[in-house]
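One file, target.cif, carrying mmCIF, C-alpha atoms:
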data_data
#
loop_
_atom_site.label_atom_id
_atom_site.label_comp_id
_atom_site.auth_asym_id
_atom_site.auth_seq_id
_atom_site.Cartn_x
_atom_site.Cartn_y
_atom_site.Cartn_z
CA MET A 1 -17.37 22.34 -9.40
CA GLN A 2 -17.66 18.82 -10.80
CA MET A 3 -15.51 17.46 -7.94
CA ASN A 4 -17.76 19.18 -5.36
CA LYS A 5 -20.92 17.77 -6.97
CA ASN A 6 -19.42 14.28 -6.88
CA LYS A 7 -18.50 14.76 -3.21
CA GLU A 8 -22.04 15.82 -2.29
CA LYS A 9 -23.55 12.91 -4.21
CA LEU A 10 -21.25 10.33 -2.61
CA VAL A 11 -21.63 11.75 0.89
CA GLN A 12 -25.43 11.94 0.78
CA GLN A 13 -26.48 8.81 -1.13
CA HIS A 14 -26.17 5.59 0.88
CA PRO A 15 -29.19 3.47 -0.06
CA TYR A 16 -27.85 0.37 1.69
CA ARG A 17 -27.64 2.06 5.10
CA SER A 18 -30.29 2.27 7.74
CA PRO A 19 -31.15 5.96 8.42
CA LEU A 20 -30.74 5.66 12.20
CA ARG A 21 -27.33 4.99 13.67
CA LYS A 22 -26.71 3.70 17.14
CA GLY A 23 -23.38 4.42 18.73
CA ILE A 24 -21.41 2.49 21.32
CA GLY A 25 -23.92 1.85 24.07
CA ASP A 26 -26.53 4.58 23.90
CA ARG A 27 -24.39 7.32 22.38
CA PRO A 28 -23.03 8.23 18.94
CA ILE A 29 -19.55 7.16 17.93
CA ARG A 30 -16.92 9.88 18.43
CA PHE A 31 -14.19 10.25 15.82
CA LYS A 32 -11.03 12.25 15.23
CA CYS A 33 -9.19 12.75 11.97
CA SER A 34 -5.74 14.24 11.32
CA LEU A 35 -6.27 14.60 7.57
CA GLN A 36 -8.37 17.01 5.54
CA ASN A 37 -9.08 14.98 2.42
CA THR A 38 -11.38 12.16 1.32
CA ILE A 39 -11.28 10.37 4.69
CA ILE A 40 -12.79 13.32 6.57
CA ASP A 41 -15.68 13.39 4.06
CA VAL A 42 -16.30 9.67 4.61
CA LEU A 43 -16.21 9.97 8.40
CA ARG A 44 -18.59 12.93 8.42
CA SER A 45 -20.99 11.04 6.14
CA LYS A 46 -21.37 8.34 8.81
CA GLY A 47 -23.41 10.50 11.16
CA TRP A 48 -20.78 10.15 13.90
CA VAL A 49 -19.70 12.98 16.21
CA GLU A 50 -16.44 14.76 15.35
CA VAL A 51 -14.27 15.68 18.34
CA LYS A 52 -11.66 18.44 18.41
CA GLU A 53 -8.01 17.88 17.57
CA ASP A 54 -6.83 18.27 21.19
CA GLU A 55 -9.46 15.94 22.68
CA LEU A 56 -8.48 12.42 23.70
CA ASP A 57 -12.00 11.11 24.28
CA PHE A 58 -12.60 9.31 20.97
CA ASP A 59 -13.76 5.92 19.72
CA PHE A 60 -12.16 6.05 16.26
CA PHE A 61 -9.09 8.00 15.15
CA TRP A 62 -7.64 8.30 11.65
CA ALA A 63 -4.24 9.47 12.87
CA ASP A 64 -1.10 10.58 11.12
CA ARG A 65 2.16 8.74 11.74
CA GLY A 66 3.55 11.60 13.84
CA TRP A 67 0.75 11.22 16.38
CA MET A 68 1.42 7.48 16.64
CA LYS A 69 5.06 8.10 17.41
CA GLU A 70 4.45 10.84 19.96
CA TYR A 71 1.24 9.89 21.77
CA PHE A 72 0.12 6.30 21.15
CA ASP A 73 2.07 4.72 24.00
CA GLN A 74 0.78 7.34 26.45
CA CYS A 75 -2.92 6.74 25.79
CA PHE A 76 -5.25 4.45 27.67
CA MET A 77 -7.87 3.11 25.28
CA GLU A 78 -11.05 1.17 25.86
CA ASP A 79 -11.35 -2.18 24.08
CA TYR A 80 -13.60 -0.79 21.33
CA VAL A 81 -11.30 2.09 20.29
CA ARG A 82 -9.74 1.78 16.82
CA ILE A 83 -6.74 3.60 15.29
CA ASN A 84 -5.49 3.32 11.71
CA HIS A 85 -1.81 2.42 12.29
CA PHE A 86 0.10 -0.31 14.04
CA ARG A 87 2.66 0.93 16.53
CA ASN A 88 5.71 -0.08 14.46
CA HIS A 89 4.16 0.00 10.98
CA TYR A 90 7.53 1.20 9.67
CA GLU A 91 8.85 -2.40 9.76
CA LEU A 92 6.86 -2.91 6.55
CA THR A 93 6.77 0.61 5.13
CA ARG A 94 10.25 2.03 5.68
CA LYS A 95 12.29 1.18 2.60
CA ASN A 96 15.36 -0.22 4.34
CA LEU A 97 13.44 -2.18 6.99
CA ILE A 98 11.12 -3.98 4.58
CA VAL A 99 14.17 -5.20 2.61
CA LYS A 100 15.84 -6.37 5.82
CA ASN A 101 12.68 -8.23 6.88
CA LEU A 102 12.14 -9.80 3.46
CA LYS A 103 15.76 -10.99 3.26
CA ARG A 104 15.52 -12.54 6.72
CA TYR A 105 12.18 -14.18 5.93
CA ARG A 106 13.53 -15.64 2.69
CA LYS A 107 16.41 -17.26 4.59
CA ILE A 108 13.95 -18.79 7.07
CA ILE A 109 11.79 -20.18 4.24
CA ASP A 110 14.88 -21.54 2.47
CA ARG A 111 16.04 -23.31 5.64
CA GLU A 112 12.63 -24.67 6.68
CA MET A 113 10.84 -25.32 3.38
CA GLY A 114 13.51 -25.45 0.69
CA LYS A 115 14.72 -23.35 -2.21
CA LEU A 116 11.61 -23.78 -4.37
CA GLU A 117 9.32 -22.21 -1.77
CA ALA A 118 11.94 -19.56 -0.98
CA SER A 119 12.03 -18.60 -4.67
CA ARG A 120 8.46 -17.33 -4.27
CA CYS A 121 9.99 -14.53 -2.21
CA ASP A 122 12.12 -13.34 -5.15
CA PHE A 123 9.87 -10.40 -5.90
CA PHE A 124 12.06 -7.48 -4.83
CA PRO A 125 15.15 -6.19 -6.66
CA THR A 126 18.68 -6.67 -5.33
CA THR A 127 18.92 -3.95 -2.67
CA PHE A 128 21.44 -2.57 -0.15
CA GLU A 129 21.34 0.09 2.53
CA LEU A 130 23.84 2.93 2.22
CA PRO A 131 26.21 3.88 3.67
CA SER A 132 26.16 0.86 6.03
CA GLU A 133 26.32 -1.77 3.24
CA TYR A 134 28.38 0.24 0.78
CA HIS A 135 31.15 -2.34 0.35
CA MET A 136 28.67 -5.18 -0.17
CA PHE A 137 26.97 -3.05 -2.79
CA VAL A 138 30.27 -2.35 -4.57
CA ASP A 139 30.92 -6.09 -4.90
CA GLU A 140 27.51 -6.58 -6.51
CA PHE A 141 27.96 -3.49 -8.68
CA LYS A 142 31.19 -4.90 -10.11
CA ARG A 143 29.47 -8.18 -10.94
CA ASN A 144 26.95 -6.27 -13.10
CA PRO A 145 28.96 -3.79 -15.19
CA GLY A 146 26.90 -1.27 -17.11
CA SER A 147 23.73 -1.83 -15.08
CA VAL A 148 21.50 1.01 -13.95
CA TRP A 149 20.86 1.43 -10.21
CA ILE A 150 18.31 3.57 -8.39
CA MET A 151 18.88 5.47 -5.13
CA LYS A 152 15.99 6.23 -2.74
CA PRO A 153 16.02 7.95 0.66
CA VAL A 154 14.54 5.53 3.21
CA ALA A 155 12.24 8.00 4.94
CA ARG A 156 10.92 10.27 2.17
CA SER A 157 7.93 9.93 -0.14
CA GLN A 158 6.38 11.31 -3.34
CA GLY A 159 9.56 10.69 -5.32
CA LYS A 160 11.69 13.15 -3.33
CA GLY A 161 15.44 12.52 -3.41
CA ILE A 162 15.33 9.64 -5.93
CA PHE A 163 17.91 9.40 -8.72
CA LEU A 164 19.39 6.83 -11.12
CA PHE A 165 23.09 6.21 -11.82
CA ARG A 166 25.54 3.97 -13.70
CA LYS A 167 28.88 5.00 -12.16
CA LEU A 168 30.16 4.66 -8.60
CA LYS A 169 31.60 8.16 -8.64
CA GLU A 170 28.03 9.48 -8.62
CA ILE A 171 27.44 8.18 -5.09
CA THR A 172 30.75 8.91 -3.38
CA ASP A 173 28.89 10.75 -0.59
CA TRP A 174 27.67 7.36 0.62
CA LYS A 175 31.06 5.68 0.60
CA LYS A 176 31.36 4.19 4.06
CA SER A 177 34.29 5.67 5.98
CA ASP A 178 34.39 6.79 9.60
CA TYR A 179 30.85 8.18 9.88
CA TYR A 180 30.05 5.82 12.74
CA ARG A 181 32.99 6.75 14.92
CA PRO A 182 32.52 9.31 17.71
CA ARG A 183 32.80 12.86 16.36
CA GLU A 184 36.07 13.50 18.17
CA GLU A 185 37.68 10.47 16.45
CA ARG A 186 36.65 11.40 12.90
CA ALA A 187 39.10 12.73 10.34
CA ASP A 188 36.74 15.66 9.69
CA ASP A 189 33.44 17.11 10.97
CA LYS A 190 31.45 16.00 7.95
CA GLU A 191 27.95 14.81 8.87
CA PRO A 192 26.91 11.30 7.80
CA PRO A 193 24.82 11.29 4.61
CA GLU A 194 21.09 10.62 4.72
CA THR A 195 20.35 6.88 4.77
CA TYR A 196 19.40 5.57 1.33
CA ILE A 197 18.69 2.25 -0.26
CA VAL A 198 20.22 1.37 -3.62
CA SER A 199 18.40 -1.14 -5.83
CA LYS A 200 19.09 -2.70 -9.17
CA TYR A 201 16.86 -0.79 -11.56
CA ILE A 202 14.31 -2.85 -13.50
CA GLU A 203 15.55 -1.93 -16.96
CA ARG A 204 12.86 -3.76 -18.94
CA PRO A 205 9.49 -2.73 -17.48
CA TYR A 206 6.30 -3.68 -19.32
CA LEU A 207 5.39 -0.56 -21.30
CA ILE A 208 1.96 0.58 -22.41
CA GLY A 209 2.03 3.16 -25.17
CA GLY A 210 5.80 3.34 -24.69
CA ARG A 211 5.38 4.60 -21.12
CA LYS A 212 6.36 3.19 -17.76
CA TYR A 213 3.79 2.78 -14.99
CA ASP A 214 3.33 1.11 -11.64
CA LEU A 215 0.26 -0.35 -9.93
CA ARG A 216 -1.24 0.93 -6.67
CA VAL A 217 -3.01 -1.88 -4.78
CA TYR A 218 -4.80 -1.55 -1.43
CA VAL A 219 -4.46 -4.14 1.34
CA LEU A 220 -6.24 -3.83 4.70
CA VAL A 221 -4.73 -5.63 7.70
CA CYS A 222 -6.99 -5.99 10.75
CA SER A 223 -4.65 -8.17 12.79
CA TYR A 224 -1.15 -9.65 12.63
CA VAL A 225 -1.76 -12.33 15.28
CA PRO A 226 -3.52 -14.10 13.73
CA LEU A 227 -2.86 -12.51 10.34
CA LYS A 228 -6.09 -11.27 8.77
CA ALA A 229 -5.82 -9.35 5.50
CA TRP A 230 -8.26 -8.06 2.88
CA LEU A 231 -7.53 -7.17 -0.77
CA TYR A 232 -9.45 -4.37 -2.52
CA ARG A 233 -10.73 -5.09 -6.03
CA CYS A 234 -9.96 -1.61 -7.36
CA GLY A 235 -6.67 0.20 -7.69
CA PHE A 236 -4.97 2.02 -10.51
CA ALA A 237 -1.92 2.28 -12.73
CA ARG A 238 0.10 5.51 -12.54
CA PHE A 239 1.82 6.35 -15.84
CA SER A 240 4.83 8.49 -16.54
CA ASN A 241 4.17 11.47 -18.77
CA THR A 242 7.15 10.79 -21.07
CA ARG A 243 8.10 7.79 -23.21
CA PHE A 244 10.49 5.37 -21.55
CA SER A 245 14.18 5.35 -22.46
CA LEU A 246 17.39 4.38 -20.67
CA ASP A 247 19.21 7.06 -22.64
CA SER A 248 17.89 9.70 -20.23
CA ILE A 249 18.29 8.30 -16.72
CA ASP A 250 18.37 11.84 -15.27
CA ASP A 251 14.81 12.59 -16.43
CA SER A 252 12.43 11.95 -13.51
CA TYR A 253 9.39 12.37 -15.79
CA VAL A 254 10.52 9.22 -17.63
CA HIS A 255 11.36 6.98 -14.66
CA LEU A 256 9.21 8.09 -11.69
CA THR A 257 5.47 7.48 -11.85
CA ASN A 258 4.53 9.36 -8.65
CA VAL A 259 1.67 11.78 -9.31
CA ALA A 260 3.51 14.39 -7.21
CA VAL A 261 6.34 14.24 -9.78
CA GLN A 262 4.31 13.84 -12.96
CA LYS A 263 1.96 16.76 -12.30
CA THR A 264 4.94 19.15 -12.43
CA ALA A 265 5.75 18.11 -16.03
CA PRO A 266 5.40 21.01 -18.50
CA ASP A 267 2.95 19.09 -20.71
CA TYR A 268 0.95 17.44 -17.90
CA ASP A 269 -2.79 17.45 -18.58
CA ALA A 270 -4.59 17.79 -15.21
CA GLU A 271 -7.97 16.71 -16.62
CA LYS A 272 -6.62 13.73 -18.52
CA GLY A 273 -4.22 12.69 -15.75
CA CYS A 274 -1.95 9.66 -15.98
CA LYS A 275 -4.04 6.83 -14.53
CA TRP A 276 -5.84 3.67 -15.62
CA SER A 277 -8.18 1.70 -13.39
CA MET A 278 -7.17 -1.79 -12.28
CA GLN A 279 -10.08 -3.14 -14.32
CA GLN A 280 -8.65 -1.49 -17.46
CA ILE A 281 -5.24 -2.97 -16.70
CA ARG A 282 -6.65 -6.49 -16.28
CA GLN A 283 -8.65 -6.19 -19.51
CA TYR A 284 -5.62 -4.88 -21.42
CA PHE A 285 -3.33 -7.69 -20.26
CA THR A 286 -5.98 -10.34 -20.92
CA ALA A 287 -6.53 -9.06 -24.46
CA ARG A 288 -2.79 -9.06 -25.14
CA HIS A 289 -1.63 -12.21 -23.37
CA GLY A 290 -4.64 -14.42 -22.63
CA ILE A 291 -6.28 -15.55 -19.43
CA GLU A 292 -3.67 -18.09 -18.31
CA GLN A 293 -0.67 -15.74 -18.28
CA VAL A 294 -2.65 -12.94 -16.65
CA GLU A 295 -3.90 -15.26 -13.91
CA GLU A 296 -0.32 -16.29 -13.19
CA MET A 297 0.68 -12.61 -12.94
CA PHE A 298 -2.10 -11.90 -10.43
CA ARG A 299 -1.23 -15.08 -8.48
CA ARG A 300 2.30 -13.78 -8.12
CA MET A 301 0.93 -10.48 -6.81
CA ASN A 302 -0.99 -12.44 -4.16
CA ASP A 303 2.33 -13.96 -3.10
CA ILE A 304 3.81 -10.48 -2.76
CA PHE A 305 1.01 -9.28 -0.49
CA ILE A 306 0.94 -12.34 1.77
CA LYS A 307 4.66 -13.04 2.03
CA SER A 308 5.54 -9.39 2.70
CA LEU A 309 3.02 -9.37 5.57
CA GLN A 310 4.31 -12.69 6.88
CA SER A 311 7.86 -11.31 6.82
CA VAL A 312 6.93 -8.77 9.52
CA GLN A 313 4.29 -10.80 11.34
CA LYS A 314 6.56 -11.71 14.27
CA THR A 315 8.16 -8.25 14.34
CA MET A 316 4.98 -6.17 14.26
CA ILE A 317 3.52 -5.15 17.61
CA ASN A 318 0.01 -6.53 17.31
CA ASP A 319 -2.64 -4.47 19.10
CA LYS A 320 -6.39 -5.06 19.12
CA HIS A 321 -6.95 -1.32 18.73
CA CYS A 322 -4.99 -1.10 15.47
CA PHE A 323 -5.62 -1.73 11.80
CA GLU A 324 -3.78 -0.50 8.71
CA LEU A 325 -4.62 0.32 5.11
CA TYR A 326 -1.45 -0.23 3.05
CA GLY A 327 -0.79 1.05 -0.44
CA TYR A 328 1.36 -1.46 -2.34
CA ASP A 329 3.34 -0.24 -5.36
CA ILE A 330 3.92 -3.00 -7.90
CA LEU A 331 5.93 -2.86 -11.15
CA VAL A 332 5.38 -5.44 -13.92
CA ASP A 333 8.33 -6.27 -16.17
CA ASP A 334 8.35 -7.32 -19.83
CA VAL A 335 7.86 -11.02 -18.97
CA LEU A 336 4.83 -10.24 -16.76
CA LYS A 337 6.69 -10.73 -13.49
CA PRO A 338 5.42 -8.37 -10.76
CA TRP A 339 8.00 -6.69 -8.51
CA LEU A 340 7.41 -5.06 -5.14
CA ILE A 341 8.65 -1.47 -5.25
CA GLU A 342 7.47 -0.30 -1.81
CA VAL A 343 4.62 -0.36 0.71
CA ASN A 344 3.02 2.86 1.95
CA ALA A 345 1.58 3.26 5.46
CA SER A 346 -0.21 6.45 4.45
CA PRO A 347 -1.25 6.00 0.81
CA SER A 348 -2.50 9.26 -0.65
CA LEU A 349 -6.19 9.84 0.04
CA THR A 350 -6.26 13.16 -1.81
CA ALA A 351 -8.21 12.83 -5.05
CA SER A 352 -6.69 13.93 -8.35
CA SER A 353 -9.97 13.64 -10.34
CA PRO A 354 -13.69 12.93 -9.79
CA GLU A 355 -13.04 9.26 -10.66
CA ASP A 356 -10.17 9.11 -8.18
CA TYR A 357 -12.39 10.65 -5.49
CA ALA A 358 -15.13 8.07 -6.12
CA LEU A 359 -12.61 5.21 -5.87
CA LYS A 360 -11.08 6.48 -2.62
CA PHE A 361 -14.44 7.35 -1.07
CA GLY A 362 -15.71 3.80 -1.71
CA LEU A 363 -12.42 2.29 -0.53
CA LEU A 364 -12.53 4.17 2.78
CA GLU A 365 -16.22 3.48 3.31
CA ASP A 366 -15.52 -0.22 2.95
CA VAL A 367 -12.59 0.03 5.39
CA LEU A 368 -15.02 1.43 7.97
CA HIS A 369 -17.55 -1.30 7.21
CA ILE A 370 -14.90 -3.96 7.95
CA ILE A 371 -13.63 -2.23 11.11
CA ASP A 372 -17.31 -2.37 12.10
CA MET A 373 -17.56 0.16 14.92
CA GLU A 374 -21.33 -0.41 14.97
CA ASN A 375 -21.12 -4.21 15.36
CA LYS A 376 -23.17 -5.03 12.28
CA LEU A 377 -21.06 -7.89 10.90
CA THR A 378 -20.81 -11.48 12.11
CA GLY A 379 -17.03 -11.67 11.65
CA LYS A 380 -17.38 -14.56 9.20
CA GLU A 381 -17.79 -12.47 6.03
CA LYS A 382 -15.49 -13.23 3.09
CA ARG A 383 -16.49 -10.13 1.15
CA VAL A 384 -17.49 -6.66 2.34
CA GLY A 385 -18.08 -4.11 -0.41
CA GLY A 386 -15.00 -4.01 -2.62
CA PHE A 387 -12.82 -5.96 -0.17
CA ASP A 388 -12.26 -9.72 -0.36
CA LEU A 389 -10.78 -11.60 2.60
CA MET A 390 -7.59 -13.19 1.25
CA TRP A 391 -5.96 -14.45 4.47
CA ASP A 392 -7.46 -15.41 7.81
CA ASP A 393 -4.72 -17.27 9.68
CA GLY A 394 -4.37 -19.19 6.41
CA PRO A 395 -5.47 -18.78 2.77
CA VAL A 396 -9.18 -18.07 2.23
CA MET A 397 -10.80 -20.15 -0.49
CA ALA A 398 -13.14 -18.53 -3.01
CA GLU A 399 -16.73 -19.65 -3.32
CA GLU A 400 -17.87 -20.92 -6.70
CA GLY A 401 -19.88 -18.61 -8.95
CA GLY A 402 -20.83 -14.98 -8.54
CA VAL A 403 -17.55 -13.53 -9.80
CA ASP A 404 -17.95 -10.69 -12.28
CA CYS A 405 -14.66 -10.63 -14.13
CA ILE A 406 -13.58 -10.58 -17.76
CA SER A 407 -11.33 -13.53 -16.92
CA PRO A 408 -12.71 -15.10 -13.72
CA PRO A 409 -9.76 -16.47 -11.72
CA SER A 410 -9.47 -20.25 -11.92
CA TYR A 411 -7.25 -20.40 -8.84
CA SER A 412 -8.89 -21.04 -5.49
CA THR A 413 -7.83 -18.08 -3.35
CA ASN A 414 -10.46 -15.47 -2.55
CA THR A 415 -8.85 -12.57 -4.46
CA PHE A 416 -10.37 -10.65 -7.37
CA LEU A 417 -8.03 -7.76 -8.07
CA GLY A 418 -9.16 -5.95 -11.22
CA CYS A 419 -12.54 -7.71 -11.31
CA ASN A 420 -15.88 -5.91 -11.29
CA ASN A 421 -16.40 -3.97 -8.07
CA ASP A 422 -20.18 -3.96 -7.61
CA ARG A 423 -19.70 -2.87 -4.01
CA LYS A 424 -23.00 -1.02 -3.52
CA ARG A 425 -25.09 -3.98 -4.68
CA GLN A 426 -23.05 -6.35 -2.53
CA LEU A 427 -23.43 -4.12 0.54
CA ARG A 428 -27.18 -3.86 0.08
CA GLN A 429 -27.44 -7.65 -0.07
CA LEU A 430 -25.08 -8.12 2.87
CA PHE A 431 -26.87 -5.72 5.22
CA LYS A 432 -30.29 -7.01 4.17
CA GLN A 433 -29.16 -10.53 5.02
CA LEU A 434 -27.72 -9.40 8.36
CA ASN A 435 -30.94 -7.56 9.25
CA ASN A 436 -33.01 -10.64 8.43
CA GLN A 437 -30.77 -12.78 10.62
CA ARG A 438 -31.25 -10.41 13.54
CA LYS A 439 -35.04 -10.51 13.14
CA THR A 440 -35.08 -14.29 13.22
#

Rewrite the structure from the file as structure tokens, please.
Amino acid sequence: MQMNKNKEKLVQQHPYRSPLRKGIGDRPIRFKCSLQNTIIDVLRSKGWVEVKEDELDFDFFWADRGWMKEYFDQCFMEDYVRINHFRNHYELTRKNLIVKNLKRYRKIIDREMGKLEASRCDFFPTTFELPSEYHMFVDEFKRNPGSVWIMKPVARSQGKGIFLFRKLKEITDWKKSDYYRPREERADDKEPPETYIVSKYIERPYLIGGRKYDLRVYVLVCSYVPLKAWLYRCGFARFSNTRFSLDSIDDSYVHLTNVAVQKTAPDYDAEKGCKWSMQQIRQYFTARHGIEQVEEMFRRMNDIFIKSLQSVQKTMINDKHCFELYGYDILVDDVLKPWLIEVNASPSLTASSPEDYALKFGLLEDVLHIIDMENKLTGKEKRVGGFDLMWDDGPVMAEEGGVDCISPPSYSTNTFLGCNNDRKRQLRQLFKQLNNQRKT
């Protein structure tokens, strides 16, 4: 009941909006949506017209990845149509491809700008693809005796198929043999194993209350050529339900922070959940370590977002119809170094609590404000709601003053992750200013 009341309140109350909405030309905007969660509530709250699933006459489509693969290339779209995925988004979001792209990009930076600049790309663990890089992995494994490694299927989500190991005999199924020969030339009819990545496990994560967690951060990309990316001020930490220990590497409740995994724990409290807001995280770190160290940690996160996007910039098929909301998963270790765990092309938009619903509703509303189907913005904005423009064919510099943050960033980039998200007030001011400009 409480969740439904929150939904009604968020859907109905929009004091910063004008009551009348003009569509494209003289008609309302038509939208489609493949998902039945928070995004459909946000789209319906806009006063747009919802079209049926089998209709192709739409202006805006929040599509699933399956539709992109099957239908995108077959559709003719007017210039104003917008869809929420890039054609080959998987270059950034598929676990084996992002590692390949980051490794290649690091080599380019090393060659063109030197080792110091290339070291800023050292934010992902040592990783190999199996079975294709099995022998390379074995060499690295032998150089690190006793280390813990983590196996992840490249094309699954929500923690499915992940496991930790210390001994090679535990992954003999991925030992490269003759899987890639024609079937008639193989020694047996055994099918090749599912493609996995294997990464060196971060054995000393920064713990809070003895528990492991990771950070979910939202980045909106409107274009790859030129690169234009926005960073959302809010996000959250997802905690494991069980105290961390390397003595129990088989216990997924200890090592995997995915909500889909944690909510199946016997002692999981659905009302309490396992999340902190990004603002709570920033306040906690600042209280424990001081402003300077925390600023450096958040600066390093900025590097992760920008350099990961740059690593696929020349590979990604840029399309004026496309945008993408990415969910970055970041792990902080015990020396406050952030590590990139993965990037999600379809971050969960299903709410796990009233607070989670409010966060995701505001996030998605602000995505739609930036996509600007109604042509309200000038295109020169550096902040829209909870989003701050962090890259616009180059770093975006922050304006002095007006930052509500327990430790206002002293660095110059226009990013305020974990700072106060007064999005409704900012939107009221923004649209009032835009209306006044139109009148004059």

Exercise. Check what the PyMOL selection byres ((chain A and resi 158) around 9) selects in the file above and give those residues as number ranges by chain.
Key: A: 156-157, 159-160, 258-261

Quiz item: Can you find the residues with an atom no farther than 10 Å from (0.5, -2.1, -8.4), counting only C-alpha atoms, and report them as a ChimeraX atom specification?
Solution: /A:213-218,235-238,278,301,327-332,338-342

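You will find CA of Ile29 (chain A) at 22.6 Å from CA of Arg65 (chain A).
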
Quiz prompt | Closest of A:Val42, A:Asp139, A:Leu130, A:Lys200 to Leu363 (chain A) - atom-to-atom distances counting all atoms listed in the file | solution = A:Val42

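Using all atoms listed in the file for every distance, the candidate list A:Ile150, A:Leu116, A:Val367, A:Leu309 yields A:Val367 as the residue closest to Ile39 (chain A).
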
Self-check item: Explicit residue set for the PyMOL selection byres ((chain A and resi 277) around 12), as a VMD selection string
Solution: chain A and resid 214 to 217 233 to 239 273 to 276 278 to 284 355 to 356 358 to 359 417 to 421

Practice problem: Would you kindly return, as a list of chain:residue names, each protein, DNA or RNA residue with an atom no farther than 6 Å from any atom of region 81-88 of chain A, considering all atoms listed in the file and excluding same-chain residues fewer than 3 positions away? | Solution: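 Listing them by chain and then by number gives A:Asp59, A:Phe60, A:Phe61, A:Trp62, A:Glu78, A:His321, A:Cys322, A:Phe323, A:Glu324.
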
Self-check item: From A:Asp267, A:Lys46, A:Glu70, A:Ile208, residue lying nearest Met373 (chain A) [all atoms listed in the file]
Solution: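 Of the candidates, the smallest distance to Met373 (chain A) is held by A:Lys46.
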
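CA of Thr350 (chain A) sits 26.7 Å away from CA of Ile306 (chain A).
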
Exercise. Could you list the residues chosen by the PyMOL selection byres ((chain A and resi 386-388) around 12) in this structure as JSON, numbers by chain?
Key: {"A": [217, 218, 219, 220, 221, 228, 229, 230, 231, 232, 233, 234, 235, 325, 359, 360, 361, 362, 363, 364, 365, 366, 367, 368, 369, 370, 371, 380, 381, 382, 383, 384, 385, 389, 390, 391, 392, 395, 396, 397, 398, 399, 403, 413, 414, 415, 416, 417, 418, 419, 420, 421, 422, 423, 424, 425, 426, 427]}

Quiz prompt | Best match for closeness to Arg94 (chain A) among A:Ala265, A:Ile109, A:Val343, A:Val254, counting only C-alpha atoms | solution =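 Selected residue with least distance to Arg94 (chain A): A:Val343.
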
Quiz item: Restricting the calculation to only C-alpha atoms, which member of A:Lys100, A:Lys175, A:Ser252, A:Leu92 is positioned closest to Phe163 (chain A)?
Solution: A:Ser252

Exercise. State, in Å with one decimal place, the distance from CA of Arg288 (chain A) to CA of Ile249 (chain A).
Key: 28.6 Å

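The shortest atom-to-atom distance to Ala118 (chain A), with all atoms listed in the file taken into account, belongs to A:Lys307 out of A:Lys307, A:Ile197, A:Phe72, A:Phe141.
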
Report, as JSON, the axis-aligned box around all atoms of region 351-362 of chain A present in the file, extended by 6 Å on each side; give centre and edge lengths in Å to one decimal place.
{"center_x": -11.2, "center_y": 8.9, "center_z": -5.9, "size_x": 21.0, "size_y": 22.1, "size_z": 21.6}
